[in-house]
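Visitor: Contents of structure.cif (mmCIF, C-alpha atoms and all ligand atoms):
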data_coords
#
loop_
_atom_site.label_atom_id
_atom_site.label_comp_id
_atom_site.auth_asym_id
_atom_site.auth_seq_id
_atom_site.Cartn_x
_atom_site.Cartn_y
_atom_site.Cartn_z
CA MET A 714 173.70 129.03 112.77
CA PRO A 715 171.12 130.76 115.00
CA GLN A 716 171.57 130.16 118.72
CA PRO A 717 169.01 127.79 120.20
CA GLY A 718 166.27 129.64 121.98
CA LEU A 719 166.94 133.03 120.40
CA ARG A 720 164.07 134.56 118.47
CA PRO A 721 164.65 135.46 114.84
CA ALA A 722 164.76 139.17 113.96
CA GLY A 723 161.28 140.53 113.33
CA GLY A 724 159.69 138.04 115.76
CA PRO A 725 157.58 138.96 118.79
CA ARG A 726 158.83 141.70 121.11
CA PRO A 727 161.26 140.42 123.75
CA CYS A 728 159.88 140.03 127.27
CA PRO A 729 160.60 142.98 129.63
CA ALA A 730 161.92 140.47 132.19
CA ARG A 731 164.32 138.88 129.72
CA GLY A 732 167.76 138.16 131.13
CA GLN A 733 166.75 138.83 134.74
CA ALA A 734 167.65 135.53 136.33
CA GLY A 735 166.60 134.57 139.84
CA ARG A 736 163.53 136.83 140.05
CA GLY A 737 161.07 133.95 140.03
CA THR A 738 159.13 135.21 137.02
CA VAL A 739 159.22 131.82 135.30
CA ARG A 740 157.27 128.84 136.60
CA VAL A 741 156.25 125.45 135.28
CA HIS A 742 153.30 125.64 132.89
CA SER A 743 152.99 121.99 131.89
CA GLN A 744 154.98 119.07 133.31
CA GLN A 745 153.83 116.76 130.55
CA GLU A 746 154.68 119.06 127.65
CA ARG A 747 157.70 120.43 129.52
CA ARG A 748 156.75 124.06 129.04
CA ASP A 749 157.34 127.05 131.31
CA LEU A 750 155.24 130.18 131.77
CA CYS A 751 156.50 133.73 132.23
CA SER A 752 154.34 135.70 134.68
CA VAL A 753 155.47 139.05 133.23
CA CYS A 754 154.51 138.64 129.58
CA GLY A 755 152.22 135.63 129.96
CA ARG A 756 153.95 133.67 127.21
CA THR A 757 154.98 130.04 127.45
CA CYS A 758 158.15 128.49 126.13
CA ALA A 759 159.83 125.10 126.07
CA ALA A 760 161.63 124.31 129.32
CA THR A 761 164.79 123.74 127.28
CA THR A 762 164.79 127.23 125.72
CA GLY A 763 168.27 128.70 125.83
CA THR A 764 169.91 125.33 126.51
CA PRO A 765 171.71 122.92 124.15
CA PHE A 766 168.70 120.59 124.44
CA PHE A 767 166.26 122.98 122.74
CA ARG A 768 164.20 121.19 120.05
CA LEU A 769 166.25 118.01 120.15
CA GLN A 770 164.25 114.91 119.27
CA ARG A 771 166.09 112.67 121.75
CA PRO A 772 165.69 112.49 125.53
CA THR A 773 167.88 114.92 127.49
CA GLY A 774 169.33 112.02 129.52
CA LEU A 775 170.62 110.29 126.39
CA VAL A 776 172.21 113.51 125.08
CA LEU A 777 173.93 114.01 128.45
CA VAL A 778 175.29 110.45 128.51
CA VAL A 779 176.70 110.78 124.99
CA LEU A 780 178.23 114.20 125.65
CA ASN A 781 179.77 112.96 128.89
CA ARG A 782 181.47 110.10 127.04
CA LEU A 783 183.02 112.58 124.62
CA ARG A 784 183.98 114.91 127.46
CA TRP A 785 185.96 112.15 129.13
CA GLY A 786 187.90 111.53 125.95
CA CYS A 787 185.99 108.63 124.43
CA PRO A 788 186.13 108.52 120.62
CA MET A 789 183.13 109.75 118.66
CA GLN A 790 182.14 106.15 117.81
CA ALA A 791 181.65 105.40 121.53
CA GLY A 792 178.86 107.96 121.51
CA VAL A 793 177.38 106.81 118.19
CA HIS A 794 177.20 103.01 117.93
CA PRO A 795 176.07 101.90 121.42
CA PHE A 796 173.06 104.21 121.14
CA LEU A 797 172.26 103.55 117.45
CA LEU A 798 172.76 107.21 116.62
CA ASP A 799 173.98 108.92 113.49
CA GLU A 800 177.46 110.38 113.64
CA ARG A 801 176.17 113.72 112.28
CA THR A 802 173.61 113.86 115.09
CA VAL A 803 176.26 113.44 117.76
CA ALA A 804 178.53 115.95 116.02
CA ALA A 805 175.68 118.48 116.04
CA TRP A 806 175.06 117.88 119.76
CA LEU A 807 178.74 118.39 120.47
CA GLN A 808 178.74 121.63 118.48
CA ARG A 809 175.69 122.95 120.34
CA ALA A 810 177.10 122.00 123.74
CA GLY A 811 180.41 123.67 122.91
CA GLN A 812 178.73 126.90 121.82
CA HIS A 813 176.60 126.90 124.95
CA CYS A 814 179.59 126.32 127.23
CA GLN A 815 181.40 129.17 125.49
CA GLN A 816 178.46 131.49 126.17
CA VAL A 817 178.30 130.40 129.82
CA HIS A 818 182.05 130.95 130.14
CA GLN A 819 181.78 134.44 128.66
CA HIS A 820 178.80 135.26 130.87
CA LEU A 821 180.19 133.97 134.16
CA VAL A 822 183.98 133.96 133.94
CA GLN A 823 185.00 136.58 131.39
CA GLN A 824 183.43 139.49 133.25
CA GLY A 825 186.52 140.86 134.98
CA GLN A 826 185.44 139.66 138.41
CA VAL A 827 187.70 136.71 139.17
CA ASP A 828 190.41 137.13 141.81
CA LEU A 829 192.93 134.95 140.00
CA GLN A 830 195.81 134.96 142.55
CA GLN A 831 197.91 132.37 140.75
CA VAL A 832 197.57 131.53 137.08
CA GLN A 833 199.10 128.48 135.47
CA ALA A 834 199.43 128.43 131.71
CA ASP A 835 200.82 125.86 129.33
CA GLU A 836 200.41 124.39 125.87
CA LEU A 837 200.07 120.87 124.57
CA TRP A 838 199.48 119.02 121.33
CA VAL A 839 195.89 118.10 120.57
CA LYS A 840 195.03 115.44 118.03
CA LEU A 841 192.16 116.27 115.71
CA VAL A 842 190.96 114.25 112.72
CA GLY A 843 193.80 114.40 110.23
CA GLN A 844 195.84 117.04 112.02
CA ARG A 845 197.50 118.07 115.24
CA VAL A 846 197.22 121.54 116.70
CA TRP A 847 198.50 123.37 119.74
CA GLN A 848 196.16 124.14 122.58
CA ALA A 849 197.24 126.88 124.94
CA MET A 850 195.26 127.04 128.15
CA ALA A 851 195.20 128.73 131.51
CA MET A 852 193.71 127.98 134.91
CA ALA A 853 193.39 129.90 138.17
CA ALA A 854 195.30 127.52 140.43
CA PRO A 855 193.61 128.14 143.84
CA SER A 856 190.07 127.62 142.55
CA ARG A 857 191.01 125.39 139.58
CA LEU A 858 188.80 127.63 137.48
CA TRP A 859 189.38 127.15 133.77
CA LEU A 860 190.17 130.58 132.32
CA GLY A 861 190.36 129.80 128.66
CA GLY A 862 191.89 127.81 125.86
CA VAL A 863 193.02 128.71 122.36
CA LEU A 864 193.80 126.41 119.42
CA SER A 865 196.31 127.15 116.68
CA PRO A 866 198.42 125.17 114.19
CA GLN A 867 201.45 127.16 115.37
CA ARG A 868 202.84 127.58 118.84
CA ASP A 869 203.67 131.24 118.49
CA THR A 870 203.26 134.60 120.17
CA ALA A 871 199.86 135.14 118.50
CA LEU A 872 198.55 131.96 120.17
CA ILE A 873 199.89 132.95 123.57
CA THR A 874 198.65 136.54 123.24
CA ALA A 875 195.12 135.28 122.49
CA LEU A 876 195.27 133.16 125.64
CA VAL A 877 196.59 136.01 127.78
CA GLN A 878 193.75 138.21 126.53
CA GLN A 879 191.27 135.61 127.79
CA VAL A 880 192.98 135.57 131.18
CA ARG A 881 192.93 139.37 131.35
CA VAL A 882 189.21 139.58 130.48
CA GLY A 883 188.31 137.42 133.47
CA ALA A 884 190.68 139.01 135.97
CA SER A 885 189.43 141.53 138.53
CA SER A 886 192.96 142.88 138.82
CA VAL A 887 196.38 142.14 137.40
CA ALA A 888 197.77 141.45 140.86
CA MET A 889 198.50 137.81 140.09
CA LEU A 890 201.34 135.38 139.92
CA VAL A 891 201.68 133.78 136.52
CA CYS A 892 203.49 130.44 136.30
CA VAL A 893 204.46 129.22 132.88
CA ALA A 894 206.66 126.34 131.81
CA GLY A 895 209.53 127.91 130.06
CA LEU A 896 208.08 129.63 127.01
CA ALA A 897 209.37 133.15 126.56
CA SER A 898 206.33 134.13 124.46
CA TYR A 899 204.33 134.42 127.68
CA VAL A 900 206.56 137.17 128.96
CA THR A 901 206.11 139.13 125.73
CA ALA A 902 202.36 138.43 125.60
CA PHE A 903 201.69 139.44 129.20
CA ARG A 904 203.73 142.60 128.79
CA ARG A 905 201.74 143.38 125.67
CA VAL A 906 198.27 142.72 127.09
CA VAL A 907 198.64 143.80 130.71
CA ARG A 908 199.59 147.42 130.25
CA GLU A 909 197.77 150.69 130.47
CA PRO A 910 198.35 154.17 129.07
CA VAL A 911 199.99 156.49 131.59
CA ARG A 912 198.63 160.01 131.02
CA ALA A 913 200.99 162.70 132.19
CA GLY A 914 199.12 165.66 130.72
CA ARG A 915 201.36 165.82 127.68
CA ARG A 916 200.09 165.82 124.15
CA GLY A 917 200.29 162.81 121.92
CA ARG A 918 199.98 159.10 122.53
CA PRO A 919 200.61 158.32 126.20
CA PRO A 920 203.28 155.72 126.98
CA LEU A 921 202.06 152.21 127.87
CA LEU A 922 203.38 150.75 131.10
CA VAL A 923 202.83 147.30 132.54
CA GLU A 924 200.34 147.59 135.39
CA PRO A 925 201.89 147.06 138.84
CA GLY A 926 201.11 143.89 140.75
CA LEU A 927 201.86 141.39 138.01
CA LEU A 928 204.38 138.74 139.01
CA MET A 929 205.73 136.23 136.60
CA GLY A 930 207.63 133.05 137.26
CA GLN A 931 209.03 130.70 134.69
CA VAL A 932 209.40 127.02 135.52
CA VAL A 933 212.36 125.55 133.70
CA LYS A 934 212.16 121.79 133.25
CA ARG A 935 215.19 119.61 132.68
CA SER A 936 214.45 116.33 131.00
CA ALA A 937 216.37 113.14 130.38
CA GLN A 938 214.96 110.34 128.23
CA ARG A 939 211.63 112.19 127.97
CA ARG A 940 211.20 112.35 131.76
CA VAL A 941 211.38 115.51 133.82
CA ILE A 942 214.32 115.07 136.20
CA SER A 943 214.29 118.47 137.85
CA THR A 944 212.52 121.80 137.81
CA SER A 945 213.80 125.21 138.77
CA GLN A 946 212.16 128.60 138.93
CA ARG A 947 213.13 131.85 137.41
CA VAL A 948 211.48 135.07 138.48
CA VAL A 949 210.79 137.05 135.36
CA ARG A 950 208.93 139.93 136.89
CA GLY A 951 208.63 140.88 140.59
CA THR A 952 210.72 139.43 143.40
CA ALA A 953 211.32 135.83 144.49
CA GLU A 954 209.76 136.57 147.90
CA ALA A 955 206.57 137.91 146.33
CA GLY A 956 206.50 134.86 144.07
CA ASP A 957 206.76 132.54 147.06
CA ARG A 958 203.88 134.36 148.78
CA GLY A 959 201.76 133.95 145.68
CA ARG A 960 202.54 130.26 145.42
CA THR A 961 201.90 129.35 149.04
CA GLY A 962 198.68 131.31 148.90
CA GLY A 963 197.76 129.08 145.99
CA ASP A 964 197.19 125.39 145.79
CA GLY A 965 200.43 124.16 147.28
CA ASP A 966 202.17 123.34 144.01
CA ARG A 967 205.44 124.55 145.46
CA ASP A 968 207.30 124.14 142.22
CA GLY A 969 204.68 126.17 140.38
CA HIS A 970 204.45 123.55 137.68
CA PRO A 971 201.01 123.32 136.09
CA HIS A 972 200.32 119.67 137.04
CA ARG A 973 196.66 120.36 137.74
CA LEU A 974 196.26 122.16 134.46
CA HIS A 975 197.63 119.16 132.62
CA ARG A 976 195.33 116.76 134.42
CA ALA A 977 192.30 118.94 133.70
CA ALA A 978 193.31 119.27 130.07
CA HIS A 979 193.79 115.55 129.55
CA CYS A 980 190.28 114.98 130.90
CA SER A 981 188.69 117.61 128.70
CA VAL A 982 190.60 117.25 125.47
CA GLY A 983 190.98 113.50 125.05
ZN ZN B 1 158.19 137.03 129.75
#
Output the file's structure as structure tokens, nothing else.
Guide:
Amino acid sequence: MPQPGLRPAGGPRPCPARGQAGRGTVRVHSQQERRDLCSVCGRTCAATTGTPFFRLQRPTGLVLVVLNRLRWGCPMQAGVHPFLLDERTVAAWLQRAGQHCQQVHQHLVQQGQVDLQQVQADELWVKLVGQRVWQAMAMAAPSRLWLGGVLSPQRDTALITALVQQVRVGASSVAMLVCVAGLASYVTAFRRVVREPVRAGRRGRPPLLVEPGLLMGQVVKRSAQRRVISTSQRVVRGTAEAGDRGRTGGDGDRDGHPHRLHRAAHCSVG
């Protein structure tokens, strides 16, 4: 499916000012028709170009209300029936919004510029229509910035490695404390992703070593009758003192357990 707002191949030449945000080259052309004018190329375009609302027949406010219901975990029907919409329409809006958010995430977060400090990662079951899948996700604890999420039918090393790659893409450095809840795959995945070739001037493939600065802590939960009765920490990589520094520099979750991540996920997944 072509992205909304992108010109098809063979269309008019792209504007020389394309992609240069914040330069003030775009101003309102018509309030009534909701069109903007580019002062560089002199062309006009719909004000919704490049947004999920491009060429939608319904008012932007309605689309936002419906999408917000779904975002907070309401079932699809809660976005369909009260507004006399077609289920396929709402599904298409959701698809567009998801693709747009993914692009924004790649553009803003996955650029290797985030000082992560402390990362919390975990997995949970997600119910989809007719199936359940695992969602692995990660968050930078101090800023509560969502770093990425990956879905898979299996909770395996491939799932965790895909998540760790998303974390790595956003990170400005690997000097971070990673807190995970007891799954050994994380240790393997981080060791696999966060390592660089060490060139010693010898011929052949250089050895890969884990970059310095990465600290890993595992939170081990003990449960009784499906309730967590105690948690303890295990330093997997680095020292306990360095781990403590990382945690207290974070959001104050002294036990390192990804509570915030869970709360955020329950809001977004539903
Ligand atoms: Zn232009």
Visitor: Would you kindly return, as a VMD selection string, each protein, DNA or RNA residue with an atom no farther than 12 Å from any atom of region 759-776 of chain A, considering all atoms listed in the file and excluding same-chain residues fewer than 2 positions away?
Guide: chain A and resid 715 to 720 731 to 732 739 to 751 756 to 757 778 to 783 792 to 793 795 to 798 802 to 817
Visitor: So, counting all atoms listed in the file, which residue among A:Ala834, A:Cys787, A:Cys758, A:Met929 is closest to Arg904 (chain A)?
Guide: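 Using all atoms listed in the file, Arg904 (chain A) sits closest to A:Met929.
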Visitor: Between CA of Glu800 (chain A) and CA of Lys840 (chain A), what is the distance in Å, rounded to a tenth?
Guide: 18.8 Å
Visitor: Using all atoms listed in the file, find the one residue out of A:Gly735, A:Trp847, A:Gly786, A:Gly755 that sits nearest to ligand ZN 1 (chain B).
Guide: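 Under the stated criterion, the closest residue is A:Gly755.
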Visitor: Counting only C-alpha atoms and all ligand atoms, which of A:Arg784, A:Arg726, A:Lys934, A:Arg868 gets nearest to ligand ZN 1 (chain B)?
Guide: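 Closest to ligand ZN 1 (chain B), using only C-alpha atoms and all ligand atoms: A:Arg726.
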Visitor: Could you please determine the separation between CA of Pro910 (chain A) and CA of Gln878 (chain A) in Å, to one decimal place?
Guide: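 About the pair CA of Pro910 (chain A) and CA of Gln878 (chain A): they are 16.8 Å apart.
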Visitor: Step by step: start from the point (203.1, 147.8, 137.1) in the file's coordinates, keep every protein, DNA or RNA residue that has an atom no farther than 12 Å from it, count all atoms listed in the file, and write the set as a PDB file with C-alpha atoms, in the coordinates of the input.
Guide:
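Okay, point.pdb is ready:
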ATOM      1  CA  SER A 886     192.960 142.880 138.820  1.00  0.00           C
ATOM      2  CA  VAL A 887     196.380 142.140 137.400  1.00  0.00           C
ATOM      3  CA  ALA A 888     197.770 141.450 140.860  1.00  0.00           C
ATOM      4  CA  MET A 889     198.500 137.810 140.090  1.00  0.00           C
ATOM      5  CA  PHE A 903     201.690 139.440 129.200  1.00  0.00           C
ATOM      6  CA  ARG A 904     203.730 142.600 128.790  1.00  0.00           C
ATOM      7  CA  VAL A 907     198.640 143.800 130.710  1.00  0.00           C
ATOM      8  CA  ARG A 908     199.590 147.420 130.250  1.00  0.00           C
ATOM      9  CA  GLU A 909     197.770 150.690 130.470  1.00  0.00           C
ATOM     10  CA  PRO A 910     198.350 154.170 129.070  1.00  0.00           C
ATOM     11  CA  VAL A 911     199.990 156.490 131.590  1.00  0.00           C
ATOM     12  CA  LEU A 921     202.060 152.210 127.870  1.00  0.00           C
ATOM     13  CA  LEU A 922     203.380 150.750 131.100  1.00  0.00           C
ATOM     14  CA  VAL A 923     202.830 147.300 132.540  1.00  0.00           C
ATOM     15  CA  GLU A 924     200.340 147.590 135.390  1.00  0.00           C
ATOM     16  CA  PRO A 925     201.890 147.060 138.840  1.00  0.00           C
ATOM     17  CA  GLY A 926     201.110 143.890 140.750  1.00  0.00           C
ATOM     18  CA  LEU A 927     201.860 141.390 138.010  1.00  0.00           C
ATOM     19  CA  LEU A 928     204.380 138.740 139.010  1.00  0.00           C
ATOM     20  CA  MET A 929     205.730 136.230 136.600  1.00  0.00           C
ATOM     21  CA  ARG A 950     208.930 139.930 136.890  1.00  0.00           C
ATOM     22  CA  GLY A 951     208.630 140.880 140.590  1.00  0.00           C
TER      23      GLY A 951
END
Visitor: Record the distance separating CA of Gly917 (chain A) and CA of Arg881 (chain A), expressed in Å with one decimal.
Guide: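 The value is 26.3 Å.
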Visitor: Name the closest residue to Leu821 (chain A) among the candidates A:Leu858, A:Val932, A:Ala851, A:Val842; distances are taken between atoms, counting all atoms listed in the file.
Guide: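 Selected residue with least distance to Leu821 (chain A): A:Leu858.
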Visitor: From the set A:Ser945, A:Gln733, A:Thr738, A:Gln879, which residue has the shortest atom-to-atom contact distance to Val933 (chain A), counting only C-alpha atoms?
Guide: A:Ser945
Visitor: Looking at A:Ala854, A:Val753, A:Ala734, A:Leu864, which one is nearest to ligand ZN 1 (chain B), with distances taken over only C-alpha atoms and all ligand atoms?
Guide: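 Comparing A:Ala854, A:Val753, A:Ala734, A:Leu864 against ligand ZN 1 (chain B), the winner is A:Val753.
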Visitor: If we count all atoms listed in the file, what is near Trp859 (chain A) at a cut-off of 10 Å, once residues fewer than 2 positions away on the same chain are taken out, given as an mmCIF file with C-alpha atoms, in the coordinates of the input?
Guide:
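Done, and the output landed in part.cif:
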data_model
loop_
_atom_site.group_PDB
_atom_site.id
_atom_site.type_symbol
_atom_site.label_atom_id
_atom_site.label_comp_id
_atom_site.auth_asym_id
_atom_site.auth_seq_id
_atom_site.Cartn_x
_atom_site.Cartn_y
_atom_site.Cartn_z
ATOM 1 C CA HIS A 818 182.050 130.950 130.140
ATOM 2 C CA VAL A 822 183.980 133.960 133.940
ATOM 3 C CA VAL A 832 197.570 131.530 137.080
ATOM 4 C CA GLN A 833 199.100 128.480 135.470
ATOM 5 C CA MET A 850 195.260 127.040 128.150
ATOM 6 C CA ALA A 851 195.200 128.730 131.510
ATOM 7 C CA MET A 852 193.710 127.980 134.910
ATOM 8 C CA ALA A 853 193.390 129.900 138.170
ATOM 9 C CA ALA A 854 195.300 127.520 140.430
ATOM 10 C CA SER A 856 190.070 127.620 142.550
ATOM 11 C CA ARG A 857 191.010 125.390 139.580
ATOM 12 C CA GLY A 861 190.360 129.800 128.660
ATOM 13 C CA GLY A 862 191.890 127.810 125.860
ATOM 14 C CA VAL A 880 192.980 135.570 131.180
ATOM 15 C CA LEU A 974 196.260 122.160 134.460
ATOM 16 C CA ALA A 977 192.300 118.940 133.700
ATOM 17 C CA ALA A 978 193.310 119.270 130.070
#
